[in-house]
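Below is work.cif, which holds mmCIF, C-alpha atoms.
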```cif
data_upload
#
loop_
_atom_site.label_atom_id
_atom_site.label_comp_id
_atom_site.auth_asym_id
_atom_site.auth_seq_id
_atom_site.Cartn_x
_atom_site.Cartn_y
_atom_site.Cartn_z
CA MET M 1080 86.65 87.41 86.99
CA LEU M 1081 89.34 88.15 89.55
CA ILE M 1082 90.09 85.20 91.83
CA GLU M 1083 92.62 84.58 94.57
CA ILE M 1084 94.40 81.25 94.25
CA LEU M 1085 94.38 79.16 97.45
CA LYS M 1086 96.35 76.13 96.21
CA ASP M 1087 98.94 75.82 93.43
CA THR M 1088 97.15 74.89 90.22
CA SER M 1089 97.03 75.77 86.55
CA ILE M 1090 94.59 77.78 84.49
CA ARG M 1091 94.46 76.92 80.79
CA GLY M 1092 97.94 75.39 81.01
CA VAL M 1093 99.51 78.31 82.89
CA ALA M 1094 100.84 77.50 86.36
CA VAL M 1095 99.63 79.78 89.16
CA LYS M 1096 100.78 79.74 92.78
CA ALA M 1097 98.82 80.10 95.98
CA GLY M 1098 98.35 83.73 96.98
CA GLN M 1099 98.25 85.10 93.44
CA VAL M 1100 95.28 87.13 92.23
CA VAL M 1101 94.52 86.34 88.60
CA ASP M 1102 91.88 87.23 86.04
CA ALA M 1103 90.19 84.07 84.79
CA ASP M 1104 87.15 83.61 82.61
CA GLN M 1105 83.87 82.89 84.37
CA SER M 1106 83.83 79.12 83.75
CA ASP M 1107 87.43 78.56 84.93
CA ALA M 1108 86.88 80.76 87.98
CA THR M 1109 83.67 78.93 88.94
CA THR M 1110 85.36 75.54 88.52
CA LEU M 1111 88.36 76.49 90.69
CA ILE M 1112 86.12 78.04 93.37
CA ASN M 1113 83.95 74.90 93.48
CA MET M 1114 87.10 72.73 93.75
CA GLY M 1115 88.29 74.80 96.72
CA LYS M 1116 91.41 75.96 94.89
CA ALA M 1117 90.35 79.60 94.60
CA GLN M 1118 88.05 82.22 96.05
CA PRO M 1119 86.69 85.46 94.65
CA ALA M 1120 89.35 88.14 95.04
CA PRO M 1121 88.63 90.75 97.71
CA ILE M 1122 87.65 94.11 96.28
CA VAL M 1123 90.26 96.67 97.21
CA GLU M 1124 89.16 100.28 97.25
CA PRO M 1125 91.89 102.66 96.07
CA ALA M 1126 93.10 105.02 98.77
CA PRO M 1127 91.85 108.57 98.28
CA ALA M 1128 94.45 110.95 96.93
CA VAL M 1129 95.80 113.22 99.61
CA CYS M 1130 97.03 116.65 98.65
CA PRO M 1131 100.07 117.77 100.62
CA GLN M 1132 99.38 120.61 103.00
CA PRO M 1133 101.42 123.76 102.40
CA SER M 1134 104.25 123.98 104.86
CA ARG M 1135 104.12 126.74 107.42
CA LYS M 1136 106.99 129.13 107.80
CA PRO M 1137 108.75 128.70 111.11
CA SER M 1138 107.82 131.50 113.44
CA ARG M 1139 110.51 133.97 114.34
CA LYS M 1140 111.10 134.56 118.01
CA ARG M 1141 111.15 138.06 119.38
CA ILE M 1142 114.25 139.25 121.13
CA ASN M 1143 113.59 142.01 123.67
CA GLY M 1144 110.33 142.89 121.92
CA ASN M 1145 111.94 143.31 118.48
CA LEU M 1146 112.14 140.90 115.58
CA PRO M 1147 115.69 139.77 114.81
CA THR M 1148 117.20 141.27 111.68
CA ASP M 1149 118.38 139.01 108.94
CA ALA M 1150 122.12 139.12 108.52
CA GLY M 1151 122.83 139.28 104.93
#
```

Rewrite the coordinates I just gave you, this time as structure tokens.
Amino acid sequence: MLIEILKDTSIRGVAVKAGQVVDADQSDATTLINMGKAQPAPIVEPAPAVCPQPSRKPSRKRINGNLPTDAG
């Protein structure tokens, strides 16, 4: 069970600090929550993947009604 540690403590002999999110077995998690040293970790939804939009070509300005020629 994922829990967020509220006060420095230890779980099965391993020191954990306040603010850490750790995976503890059900009995340890329940004990720490009842003691006020931990709370169930908030469930974080992963951000949806965003596909990059294709870039648009910059528009070419007309000069006197004609498109400029590429020098090359």

So which residues get picked by the PyMOL selection byres ((chain M and resi 1108) around 9) here, written as a VMD selection string? chain M and resid 1080 to 1082 1090 1102 to 1107 1109 to 1113 1117 to 1119

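What separates atom CA of Val1129 of chain M from atom CA of Glu1083 of chain M is a distance of 29.3 Å.
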
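The spacing separating atom CA of Arg1091 of chain M from atom CA of Val1123 of chain M amounts to 26.0 Å.
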
Name the residues in contact with Lys1086 of chain M at a cut-off of 8 Å, using all atoms listed in the file, excluding same-chain residues fewer than 2 positions from it; report them as a list of chain:residue names. M:Ile1084, M:Thr1088, M:Lys1096, M:Ala1097, M:Gly1098, M:Lys1116, M:Ala1117

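Atom pair atom CA of Ala1120 of chain M / atom CA of Gly1092 of chain M: separated by 20.8 Å.
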
Please, what is the axis-aligned box for every listed atom of segment 1100-1109 of chain M with 6 Å on each side, as centre and edge lengths in Å to one decimal, as AutoDock Vina command-line options?
```
--center_x 89.5 --center_y 82.9 --center_z 87.4 --size_x 23.6 --size_y 20.7 --size_z 21.6
```
